[in-house]
>>> print(open('my_file20.pdb').read())   # PDB, C-alpha atoms
ATOM      1  CA  MET Z  21       7.673  64.062  -4.453
ATOM      2  CA  GLU Z  22      10.806  62.222  -5.578
ATOM      3  CA  ARG Z  23      11.593  58.938  -3.845
ATOM      4  CA  THR Z  24      14.974  58.840  -2.128
ATOM      5  CA  ARG Z  25      17.406  55.960  -2.556
ATOM      6  CA  THR Z  26      16.504  54.786   0.953
ATOM      7  CA  ASP Z  27      12.778  54.868   0.118
ATOM      8  CA  GLN Z  28      13.430  52.822  -3.021
ATOM      9  CA  ARG Z  29      15.459  50.278  -1.106
ATOM     10  CA  ASP Z  30      12.716  49.936   1.506
ATOM     11  CA  ASP Z  31      10.070  49.578  -1.220
ATOM     12  CA  PHE Z  32      12.148  46.907  -2.929
ATOM     13  CA  ARG Z  33      12.670  45.002   0.315
ATOM     14  CA  GLU Z  34       8.960  45.066   1.023
ATOM     15  CA  LEU Z  35       8.090  43.795  -2.447
ATOM     16  CA  ALA Z  36      10.792  41.119  -2.547
ATOM     17  CA  SER Z  37      10.228  39.907   0.989
ATOM     18  CA  ALA Z  38       6.531  39.282   0.318
ATOM     19  CA  GLN Z  39       7.426  37.399  -2.877
ATOM     20  CA  LEU Z  40      10.169  35.180  -1.429
ATOM     21  CA  PRO Z  41       7.990  32.081  -0.828
ATOM     22  CA  ARG Z  42       6.529  32.256  -4.341
ATOM     23  CA  LEU Z  43       9.902  32.876  -5.997
ATOM     24  CA  TYR Z  44      11.471  29.998  -4.111
ATOM     25  CA  SER Z  45       8.627  27.657  -5.028
ATOM     26  CA  ILE Z  46       8.985  28.464  -8.730
ATOM     27  CA  ALA Z  47      12.772  28.142  -8.589
ATOM     28  CA  ARG Z  48      12.537  24.723  -6.892
ATOM     29  CA  ARG Z  49      10.506  23.456  -9.841
ATOM     30  CA  LEU Z  50      12.835  25.009 -12.389
ATOM     31  CA  VAL Z  51      16.294  24.280 -10.979
ATOM     32  CA  GLY Z  52      15.815  21.917  -8.028
ATOM     33  CA  ASN Z  53      18.540  22.264  -5.416
ATOM     34  CA  ASP Z  54      19.923  25.425  -7.028
ATOM     35  CA  ALA Z  55      16.725  27.258  -6.105
ATOM     36  CA  GLU Z  56      18.222  29.321  -3.284
ATOM     37  CA  ASP Z  57      21.121  30.484  -5.486
ATOM     38  CA  ALA Z  58      18.732  31.357  -8.307
ATOM     39  CA  VAL Z  59      16.521  33.425  -5.989
ATOM     40  CA  GLN Z  60      19.581  35.138  -4.562
ATOM     41  CA  ASP Z  61      20.767  36.064  -8.081
ATOM     42  CA  CYS Z  62      17.279  37.277  -8.867
ATOM     43  CA  LEU Z  63      17.212  39.563  -5.805
ATOM     44  CA  LEU Z  64      20.580  41.122  -6.613
ATOM     45  CA  LYS Z  65      19.728  41.696 -10.290
ATOM     46  CA  ALA Z  66      16.276  43.034  -9.462
ATOM     47  CA  PHE Z  67      17.590  45.486  -6.891
ATOM     48  CA  LYS Z  68      20.082  46.886  -9.417
ATOM     49  CA  ARG Z  69      17.254  47.405 -11.919
ATOM     50  CA  TYR Z  70      14.539  48.467  -9.502
ATOM     51  CA  ASP Z  71      14.286  51.912 -11.072
ATOM     52  CA  GLN Z  72      13.121  50.176 -14.291
ATOM     53  CA  LEU Z  73       9.939  48.923 -12.562
ATOM     54  CA  ARG Z  74       7.191  51.207 -13.831
ATOM     55  CA  ALA Z  75       4.296  50.339 -11.488
ATOM     56  CA  ALA Z  76       4.268  48.673  -8.105
ATOM     57  CA  ASP Z  77       1.470  46.278  -9.035
ATOM     58  CA  CYS Z  78       3.689  44.860 -11.827
ATOM     59  CA  GLY Z  79       6.294  43.971  -9.189
ATOM     60  CA  PRO Z  80       5.486  40.251  -8.775
ATOM     61  CA  ALA Z  81       5.471  39.602 -12.548
ATOM     62  CA  TRP Z  82       8.634  41.683 -12.973
ATOM     63  CA  LEU Z  83      10.430  39.669 -10.290
ATOM     64  CA  THR Z  84       9.242  36.436 -11.883
ATOM     65  CA  SER Z  85      10.705  37.391 -15.250
ATOM     66  CA  ILE Z  86      14.065  38.120 -13.613
ATOM     67  CA  LEU Z  87      13.895  34.855 -11.672
ATOM     68  CA  VAL Z  88      13.164  32.816 -14.804
ATOM     69  CA  ASN Z  89      16.235  34.285 -16.463
ATOM     70  CA  SER Z  90      18.357  33.587 -13.397
ATOM     71  CA  CYS Z  91      17.117  29.997 -13.479
ATOM     72  CA  ARG Z  92      17.989  29.745 -17.162
ATOM     73  CA  ASP Z  93      21.542  30.865 -16.342
ATOM     74  CA  HIS Z  94      21.712  28.116 -13.724
ATOM     75  CA  VAL Z  95      20.615  25.388 -16.127
ATOM     76  CA  ARG Z  96      22.571  26.617 -19.154
ATOM     77  CA  ALA Z  97      25.590  24.487 -18.307
ATOM     78  CA  ASP Z  98      23.290  21.511 -17.867
ATOM     79  CA  ALA Z  99      21.568  22.281 -21.170
ATOM     80  CA  ARG Z 100      24.904  22.169 -22.963
ATOM     81  CA  ARG Z 101      25.263  18.547 -21.816
ATOM     82  CA  PRO Z 102      21.869  17.147 -22.773
ATOM     83  CA  ARG Z 103      20.959  13.794 -21.341
ATOM     84  CA  GLU Z 104      20.115  10.983 -23.685
ATOM     85  CA  VAL Z 105      16.444  11.459 -24.487
ATOM     86  CA  ASP Z 106      14.614   9.252 -26.936
ATOM     87  CA  PHE Z 107      12.112  11.711 -28.384
ATOM     88  CA  ASP Z 108      10.764   9.234 -30.940
ATOM     89  CA  GLU Z 109       9.828   6.823 -28.185
ATOM     90  CA  ALA Z 110       8.372   9.622 -26.052
ATOM     91  CA  GLU Z 111       6.354  10.865 -29.037
ATOM     92  CA  ARG Z 112       4.680   7.464 -29.361
ATOM     93  CA  PHE Z 113       4.112   7.112 -25.611
ATOM     94  CA  SER Z 114       0.662   7.552 -24.095
ATOM     95  CA  LEU Z 115       0.447   7.326 -20.309
ATOM     96  CA  TYR Z 116      -3.307   6.770 -20.553
ATOM     97  CA  ARG Z 117      -2.875   3.735 -22.782
ATOM     98  CA  LYS Z 118       0.129   2.458 -20.828
ATOM     99  CA  ILE Z 119      -1.799   2.449 -17.551
ATOM    100  CA  ALA Z 120      -4.792   0.762 -19.199
ATOM    101  CA  TYR Z 121      -2.566  -1.875 -20.814
ATOM    102  CA  GLU Z 122      -0.343  -2.617 -17.810
ATOM    103  CA  ASP Z 123      -3.288  -2.450 -15.370
ATOM    104  CA  PRO Z 124      -1.143  -1.941 -12.249
ATOM    105  CA  PHE Z 125      -4.123  -2.038  -9.857
ATOM    106  CA  PRO Z 126      -6.354  -4.865 -11.149
ATOM    107  CA  TYR Z 127      -9.116  -4.339  -8.585
ATOM    108  CA  SER Z 128      -9.370  -0.603  -9.111
ATOM    109  CA  ASP Z 129     -12.482   1.074 -10.510
ATOM    110  CA  SER Z 130     -10.529   4.265 -11.181
ATOM    111  CA  LEU Z 131      -7.218   2.951 -12.472
ATOM    112  CA  HIS Z 132      -5.853   6.181 -13.925
ATOM    113  CA  LEU Z 133      -6.724   8.324 -10.910
ATOM    114  CA  ASP Z 134      -5.265   5.710  -8.570
ATOM    115  CA  PHE Z 135      -2.045   5.833 -10.547
ATOM    116  CA  LEU Z 136      -1.746   9.603 -10.080
ATOM    117  CA  ALA Z 137      -2.691   9.318  -6.398
ATOM    118  CA  GLU Z 138       0.481   7.317  -5.776
ATOM    119  CA  PHE Z 139       2.606  10.421  -6.424
ATOM    120  CA  GLY Z 140       3.369  12.870  -3.643
ATOM    121  CA  PRO Z 141       4.617  16.409  -4.351
ATOM    122  CA  GLU Z 142       8.256  15.319  -3.937
ATOM    123  CA  ASP Z 143       7.744  12.518  -6.469
ATOM    124  CA  VAL Z 144       6.369  15.033  -8.991
ATOM    125  CA  HIS Z 145       9.322  17.283  -8.266
ATOM    126  CA  ALA Z 146      11.749  14.388  -8.877
ATOM    127  CA  VAL Z 147      10.031  13.504 -12.157
ATOM    128  CA  LEU Z 148      10.202  17.106 -13.371
ATOM    129  CA  LEU Z 149      13.917  17.269 -12.669
ATOM    130  CA  ARG Z 150      14.415  14.302 -14.989
ATOM    131  CA  LEU Z 151      13.293  16.433 -17.926
ATOM    132  CA  PRO Z 152      15.808  18.523 -19.863
ATOM    133  CA  PRO Z 153      15.482  22.182 -18.729
ATOM    134  CA  LEU Z 154      14.510  23.236 -22.235
ATOM    135  CA  TYR Z 155      11.213  21.379 -21.798
ATOM    136  CA  ARG Z 156      10.861  21.558 -18.018
ATOM    137  CA  ILE Z 157      10.826  25.370 -17.837
ATOM    138  CA  PRO Z 158       7.798  26.001 -20.107
ATOM    139  CA  LEU Z 159       5.953  23.006 -18.634
ATOM    140  CA  VAL Z 160       6.340  24.320 -15.071
ATOM    141  CA  LEU Z 161       5.489  27.903 -15.995
ATOM    142  CA  VAL Z 162       2.330  27.018 -17.918
ATOM    143  CA  TYR Z 163       0.863  24.034 -16.059
ATOM    144  CA  MET Z 164       2.084  24.707 -12.528
ATOM    145  CA  GLU Z 165       2.428  28.465 -12.326
ATOM    146  CA  GLY Z 166      -0.484  29.398 -14.576
ATOM    147  CA  PHE Z 167       1.309  31.460 -17.230
ATOM    148  CA  LEU Z 168      -0.083  31.641 -20.752
ATOM    149  CA  ALA Z 169       2.115  30.228 -23.516
ATOM    150  CA  LYS Z 170       2.447  33.705 -25.039
ATOM    151  CA  GLU Z 171       3.639  35.090 -21.687
ATOM    152  CA  VAL Z 172       6.247  32.335 -21.496
ATOM    153  CA  ALA Z 173       7.358  33.210 -25.030
ATOM    154  CA  ARG Z 174       7.948  36.788 -23.848
ATOM    155  CA  LEU Z 175       9.721  35.658 -20.663
ATOM    156  CA  LEU Z 176      12.049  33.337 -22.569
ATOM    157  CA  ASP Z 177      12.359  35.653 -25.568
ATOM    158  CA  VAL Z 178      11.472  32.938 -28.084
ATOM    159  CA  PRO Z 179       8.633  32.712 -30.643
ATOM    160  CA  LEU Z 180       5.256  31.388 -29.464
ATOM    161  CA  GLY Z 181       5.580  28.418 -31.845
ATOM    162  CA  THR Z 182       8.806  27.404 -30.117
ATOM    163  CA  VAL Z 183       7.090  27.447 -26.711
ATOM    164  CA  LEU Z 184       4.163  25.387 -28.035
ATOM    165  CA  ALA Z 185       6.541  22.832 -29.560
ATOM    166  CA  ARG Z 186       8.523  22.583 -26.306
ATOM    167  CA  LEU Z 187       5.310  22.213 -24.301
ATOM    168  CA  HIS Z 188       4.182  19.372 -26.556
ATOM    169  CA  ARG Z 189       7.488  17.562 -26.212
ATOM    170  CA  GLY Z 190       7.739  18.356 -22.504
ATOM    171  CA  ARG Z 191       4.311  16.840 -21.828
ATOM    172  CA  LYS Z 192       5.236  13.677 -23.666
ATOM    173  CA  LEU Z 193       8.504  13.365 -21.765
ATOM    174  CA  PHE Z 194       6.717  14.085 -18.481
ATOM    175  CA  GLU Z 195       4.146  11.331 -19.067
ATOM    176  CA  LYS Z 196       6.854   8.833 -19.951
ATOM    177  CA  GLN Z 197       8.994   9.802 -16.963
ATOM    178  CA  LEU Z 198       5.990   9.493 -14.619
ATOM    179  CA  TRP Z 199       5.604   5.876 -15.652
ATOM    180  CA  GLU Z 200       9.324   5.084 -15.512
ATOM    181  CA  TYR Z 201       9.687   6.773 -12.107
ATOM    182  CA  ALA Z 202       6.728   4.800 -10.758
ATOM    183  CA  GLU Z 203       8.276   1.549 -11.953
ATOM    184  CA  GLU Z 204      11.784   2.363 -10.729
ATOM    185  CA  THR Z 205      10.731   3.512  -7.262
ATOM    186  CA  GLY Z 206       8.209   0.730  -6.648
ATOM    187  CA  LEU Z 207       5.183   3.059  -6.498
ATOM    188  CA  LEU Z 208       3.168   0.465  -8.376
ATOM    189  CA  THR Z 209       4.036  -2.565  -6.276
ATOM    190  CA  LYS Z 210       1.450  -3.942  -3.929
ATOM    191  CA  ASP Z 211       3.506  -3.230  -0.791
ATOM    192  CA  ALA Z 212       3.927   0.411  -1.750
ATOM    193  CA  ARG Z 213       0.178   1.036  -1.957
TER     194      ARG Z 213
ATOM    195  CA  MET F  20     -12.224  12.897 -40.077
ATOM    196  CA  ILE F  21      -9.152  12.333 -37.944
ATOM    197  CA  THR F  22      -7.774   9.168 -36.376
ATOM    198  CA  CYS F  23      -7.592   8.426 -32.645
ATOM    199  CA  HIS F  24      -3.844   8.973 -32.793
ATOM    200  CA  GLU F  25      -4.234  12.380 -34.415
ATOM    201  CA  ALA F  26      -6.883  13.417 -31.887
ATOM    202  CA  ALA F  27      -4.930  12.154 -28.874
ATOM    203  CA  GLU F  28      -1.757  13.903 -30.032
ATOM    204  CA  ARG F  29      -3.471  17.284 -29.905
ATOM    205  CA  LEU F  30      -5.625  16.888 -26.790
ATOM    206  CA  TRP F  31      -3.508  19.106 -24.539
ATOM    207  CA  GLU F  32      -3.318  21.833 -27.171
ATOM    208  CA  TYR F  33      -7.094  21.422 -27.573
ATOM    209  CA  LEU F  34      -7.557  21.908 -23.808
ATOM    210  CA  ASP F  35      -5.114  24.833 -23.849
ATOM    211  CA  GLY F  36      -7.123  26.483 -26.620
ATOM    212  CA  THR F  37      -4.030  26.685 -28.830
ATOM    213  CA  VAL F  38      -5.315  24.542 -31.746
ATOM    214  CA  ASP F  39      -6.753  26.440 -34.677
ATOM    215  CA  GLU F  40     -10.497  26.516 -35.291
ATOM    216  CA  ASP F  41     -10.455  23.797 -37.999
ATOM    217  CA  ASP F  42      -8.558  21.412 -35.728
ATOM    218  CA  ARG F  43     -10.852  22.184 -32.813
ATOM    219  CA  VAL F  44     -13.892  21.241 -34.873
ATOM    220  CA  LEU F  45     -12.229  18.011 -36.047
ATOM    221  CA  ILE F  46     -11.316  17.046 -32.479
ATOM    222  CA  ASP F  47     -14.824  17.915 -31.238
ATOM    223  CA  GLU F  48     -16.300  15.660 -33.929
ATOM    224  CA  HIS F  49     -13.913  12.865 -33.073
ATOM    225  CA  LEU F  50     -14.636  13.091 -29.339
ATOM    226  CA  ALA F  51     -18.370  12.988 -30.039
ATOM    227  CA  ARG F  52     -18.033   9.480 -31.435
ATOM    228  CA  CYS F  53     -14.973   7.992 -29.713
ATOM    229  CA  ARG F  54     -15.282   6.821 -26.123
ATOM    230  CA  ARG F  55     -11.621   5.898 -25.792
ATOM    231  CA  CYS F  56     -10.461   9.356 -26.792
ATOM    232  CA  CYS F  57     -12.938  10.851 -24.310
ATOM    233  CA  GLY F  58     -11.115   8.755 -21.699
ATOM    234  CA  GLU F  59      -7.810  10.208 -22.935
ATOM    235  CA  ARG F  60      -9.254  13.719 -22.738
ATOM    236  CA  ASP F  61     -10.561  13.184 -19.189
ATOM    237  CA  PHE F  62      -7.177  11.839 -18.142
ATOM    238  CA  ALA F  63      -5.421  14.842 -19.731
ATOM    239  CA  VAL F  64      -7.693  17.111 -17.647
ATOM    240  CA  GLU F  65      -6.763  15.132 -14.510
ATOM    241  CA  LEU F  66      -3.080  15.254 -15.342
ATOM    242  CA  ARG F  67      -3.179  19.032 -15.751
ATOM    243  CA  GLN F  68      -4.937  19.397 -12.385
ATOM    244  CA  PHE F  69      -2.415  16.995 -10.874
ATOM    245  CA  LEU F  70       0.454  19.238 -12.058
ATOM    246  CA  SER F  71      -1.283  22.367 -10.828
ATOM    247  CA  ARG F  72      -1.904  20.785  -7.384
ATOM    248  CA  SER F  73       1.778  19.895  -7.078
ATOM    249  CA  ALA F  74       2.923  23.462  -7.643
ATOM    250  CA  SER F  75       3.606  24.871  -4.212
ATOM    251  CA  THR F  76       6.762  24.178  -2.219
ATOM    252  CA  ALA F  77       7.093  25.706   1.231
ATOM    253  CA  ILE F  78      10.258  27.710   1.693
ATOM    254  CA  PRO F  79      12.408  26.194   4.469
ATOM    255  CA  ALA F  80      12.896  28.544   7.435
ATOM    256  CA  ASP F  81      16.692  28.617   7.107
ATOM    257  CA  VAL F  82      16.498  29.453   3.378
ATOM    258  CA  PHE F  83      13.989  32.214   4.111
ATOM    259  CA  ARG F  84      16.305  33.647   6.773
ATOM    260  CA  ARG F  85      19.321  33.638   4.433
ATOM    261  CA  LEU F  86      17.411  35.257   1.571
ATOM    262  CA  HIS F  87      15.970  37.811   3.949
ATOM    263  CA  ARG F  88      19.483  38.609   5.132
ATOM    264  CA  THR F  89      20.452  39.244   1.491
ATOM    265  CA  LEU F  90      17.631  41.781   1.302
ATOM    266  CA  GLU F  91      18.716  43.434   4.541
ATOM    267  CA  GLU F  92      22.274  43.784   3.255
ATOM    268  CA  LEU F  93      21.275  45.525   0.025
ATOM    269  CA  SER F  94      22.480  49.086  -0.087
TER     270      SER F  94
END
>>> encode(input="my_file20.pdb", output="structure tokens")
Amino acid sequence: MERTRTDQRDDFRELASAQLPRLYSIARRLVGNDAEDAVQDCLLKAFKRYDQLRAADCGPAWLTSILVNSCRDHVRADARRPREVDFDEAERFSLYRKIAYEDPFPYSDSLHLDFLAEFGPEDVHAVLLRLPPLYRIPLVLVYMEGFLAKEVARLLDVPLGTVLARLHRGRKLFEKQLWEYAEETGLLTKDAR
Amino acid sequence: MITCHEAAERLWEYLDGTVDEDDRVLIDEHLARCRRCCGERDFAVELRQFLSRSASTAIPADVFRRLHRTLEELS
């Protein structure tokens, strides 16, 4: 039996409503404070294209692909004004070696783990937002949301090699920004522990 | 044989399973004899788990209400 327009709208609402927390969480990582706008865009675009969804169980992944593109639209203006990023320095940076060399917690038996334990979820969020979107988006999708690199390549419509190169650079920048954020915000000072 | 720098540079790709077979063997061989790079590998594993643990953000109630209203108003 053919689904009526009202049935389709109700089906879409049910799908989207259940996915709202997940969509918002992803958008927060990708575009920070623009997350609500990005999810809103995603809902409007998805509703218009709902008849293109082939199977209900593909709904969450389908919504995610629309959300990622909405987020890209939101960061495009930002991407046209890239922040100063010293990739050569980031390429040489190793957080593991930096922590070992600087030894911020001299009495620690698990120096590297103690370093990571200083970061709360909001600190990680702040560090991610320091990365240019070009590198932040694949990093979040692969290491936080569990996508495979080849899935991200499809979502972003770029070759797999491009995603792998951006992941490599994004990881390096993330490690360097973790250290710089910890220094700048006093996470490593004795009083902050 | 590869250097510590070469091994460390590819550790995440190694853990992702995106290095080719020749590179994987070279990194395996290097890790079998280099304690420092094993430390780097273990830290890379921790860092990946750290990112994964930080993934979820609760949706604020007012944001949820507004987005839900958008859904209600679709026609």
>>> resolve_selection(input="my_file20.pdb", expression="the PyMOL selection byres ((chain F and resi 46) around 9)", output="ChimeraX atom specification")
/F:20-21,25-27,29-30,33,41-45,47-51
>>> interface_residues(input="my_file20.pdb", of="chain F", to="chain Z", cutoff="7 Å", atoms="only C-alpha atoms", output="number ranges by chain")
F: 59, 62, 67, 70-71, 73-78, 82, 86-87, 90
>>> closest_residue(input="my_file20.pdb", among="Z:Arg69, Z:Lys196, Z:Arg150, Z:Arg186", to="Glu32 of chain F", atoms="only C-alpha atoms")
Z:Arg186
>>> atom_distance(input="my_file20.pdb", atom1="atom CA of Ile157 of chain Z", atom2="atom CA of Val64 of chain F")
20.3 Å
>>> residues_around(input="my_file20.pdb", residues="Leu180 of chain Z", least_positions_apart="5", cutoff="10 Å", atoms="only C-alpha atoms", output="PyMOL selection string")
chain Z and resi 169-174+185-186
>>> closest_residue(input="my_file20.pdb", among="Z:Pro158, Z:Asp27, Z:Ala66, Z:Thr209", to="Gly190 of chain Z", atoms="only C-alpha atoms")
Z:Pro158
>>> residues_around(input="my_file20.pdb", residues="Ser85 of chain Z", least_positions_apart="5", cutoff="9 Å", atoms="only C-alpha atoms", output="JSON, numbers by chain")
{"Z": [80, 90, 175, 176]}
>>> closest_residue(input="my_file20.pdb", among="Z:Asp129, Z:Asp177, Z:Pro124, Z:Phe167", to="Thr84 of chain Z", atoms="all atoms listed in the file")
Z:Phe167
>>> axis_aligned_box(input="my_file20.pdb", around="segment 75-82 of chain Z", padding_each_side="6 Å", output="AutoDock Vina command-line options")
--center_x 5.1 --center_y 45.0 --center_z -10.5 --size_x 19.2 --size_y 22.7 --size_z 16.9
>>> closest_residue(input="my_file20.pdb", among="F:Thr89, F:Cys56, F:Asp61, F:Phe69", to="Asp61 of chain Z", atoms="all atoms listed in the file")
F:Thr89
>>> atom_distance(input="my_file20.pdb", atom1="atom CA of Thr182 of chain Z", atom2="atom CA of Asp39 of chain F")
16.2 Å
>>> atom_distance(input="my_file20.pdb", atom1="atom CA of Ile86 of chain Z", atom2="atom CA of Cys62 of chain Z")
5.8 Å
>>> residues_around(input="my_file20.pdb", residues="Pro126 of chain Z", least_positions_apart="4", cutoff="12 Å", atoms="all atoms listed in the file", output="PDB file with C-alpha atoms, in the coordinates of the input")
ATOM      1  CA  ILE Z 119      -1.799   2.449 -17.551  1.00  0.00           C
ATOM      2  CA  ALA Z 120      -4.792   0.762 -19.199  1.00  0.00           C
ATOM      3  CA  TYR Z 121      -2.566  -1.875 -20.814  1.00  0.00           C
ATOM      4  CA  GLU Z 122      -0.343  -2.617 -17.810  1.00  0.00           C
ATOM      5  CA  SER Z 130     -10.529   4.265 -11.181  1.00  0.00           C
ATOM      6  CA  LEU Z 131      -7.218   2.951 -12.472  1.00  0.00           C
ATOM      7  CA  HIS Z 132      -5.853   6.181 -13.925  1.00  0.00           C
ATOM      8  CA  ASP Z 134      -5.265   5.710  -8.570  1.00  0.00           C
ATOM      9  CA  PHE Z 135      -2.045   5.833 -10.547  1.00  0.00           C
ATOM     10  CA  LEU Z 208       3.168   0.465  -8.376  1.00  0.00           C
ATOM     11  CA  THR Z 209       4.036  -2.565  -6.276  1.00  0.00           C
ATOM     12  CA  LYS Z 210       1.450  -3.942  -3.929  1.00  0.00           C
TER      13      LYS Z 210
END
>>> residues_around(input="my_file20.pdb", residues="Val105 of chain Z", least_positions_apart="5", cutoff="10 Å", atoms="all atoms listed in the file", output="list in words")
Ala110, Leu151, Pro152 and Leu193 of chain Z
>>> residues_near_point(input="my_file20.pdb", point="(7.4, 43.4, -9.2)", cutoff="9 Å", atoms="all atoms listed in the file", output="list of chain:residue names")
Z:Phe32, Z:Leu35, Z:Ala36, Z:Gln39, Z:Ala66, Z:Tyr70, Z:Leu73, Z:Ala75, Z:Ala76, Z:Asp77, Z:Cys78, Z:Gly79, Z:Pro80, Z:Ala81, Z:Trp82, Z:Leu83, Z:Thr84
>>> build_atoms(input="my_file20.pdb", residues="segment 46-63 of chain F", atoms="N, CA and C atoms", output="compact mmCIF listing (two decimals), keeping the file's coordinate frame")
# COMPACT_ATOMS: atom_id res chain seq x y z
N ILE F 46 -11.48 17.78 -33.76
CA ILE F 46 -11.32 17.05 -32.48
C ILE F 46 -12.68 16.92 -31.78
N ASP F 47 -13.47 17.98 -31.81
CA ASP F 47 -14.82 17.92 -31.24
C ASP F 47 -15.62 16.78 -31.88
N GLU F 48 -15.55 16.71 -33.21
CA GLU F 48 -16.30 15.66 -33.93
C GLU F 48 -15.80 14.28 -33.54
N HIS F 49 -14.49 14.17 -33.43
CA HIS F 49 -13.91 12.86 -33.07
C HIS F 49 -14.35 12.45 -31.66
N LEU F 50 -14.28 13.41 -30.73
CA LEU F 50 -14.64 13.09 -29.34
C LEU F 50 -16.11 12.71 -29.22
N ALA F 51 -16.93 13.28 -30.10
CA ALA F 51 -18.37 12.99 -30.04
C ALA F 51 -18.67 11.53 -30.38
N ARG F 52 -17.73 10.86 -31.05
CA ARG F 52 -18.03 9.48 -31.44
C ARG F 52 -17.00 8.47 -30.92
N CYS F 53 -16.03 8.92 -30.13
CA CYS F 53 -14.97 7.99 -29.71
C CYS F 53 -14.84 7.99 -28.19
N ARG F 54 -15.29 6.91 -27.58
CA ARG F 54 -15.28 6.82 -26.12
C ARG F 54 -13.85 6.75 -25.57
N ARG F 55 -12.99 6.03 -26.28
CA ARG F 55 -11.62 5.90 -25.79
C ARG F 55 -10.92 7.25 -25.74
N CYS F 56 -11.11 8.04 -26.78
CA CYS F 56 -10.46 9.36 -26.79
C CYS F 56 -11.07 10.29 -25.74
N CYS F 57 -12.35 10.08 -25.42
CA CYS F 57 -12.94 10.85 -24.31
C CYS F 57 -12.22 10.49 -23.01
N GLY F 58 -11.89 9.19 -22.87
CA GLY F 58 -11.12 8.76 -21.70
C GLY F 58 -9.76 9.44 -21.67
N GLU F 59 -9.11 9.51 -22.84
CA GLU F 59 -7.81 10.21 -22.94
C GLU F 59 -7.96 11.68 -22.55
N ARG F 60 -9.04 12.29 -23.05
CA ARG F 60 -9.25 13.72 -22.74
C ARG F 60 -9.46 13.91 -21.23
N ASP F 61 -10.30 13.05 -20.63
CA ASP F 61 -10.56 13.18 -19.19
C ASP F 61 -9.28 13.00 -18.39
N PHE F 62 -8.44 12.06 -18.84
CA PHE F 62 -7.18 11.84 -18.14
C PHE F 62 -6.25 13.04 -18.31
N ALA F 63 -6.25 13.64 -19.50
CA ALA F 63 -5.42 14.84 -19.73
C ALA F 63 -5.86 15.96 -18.79
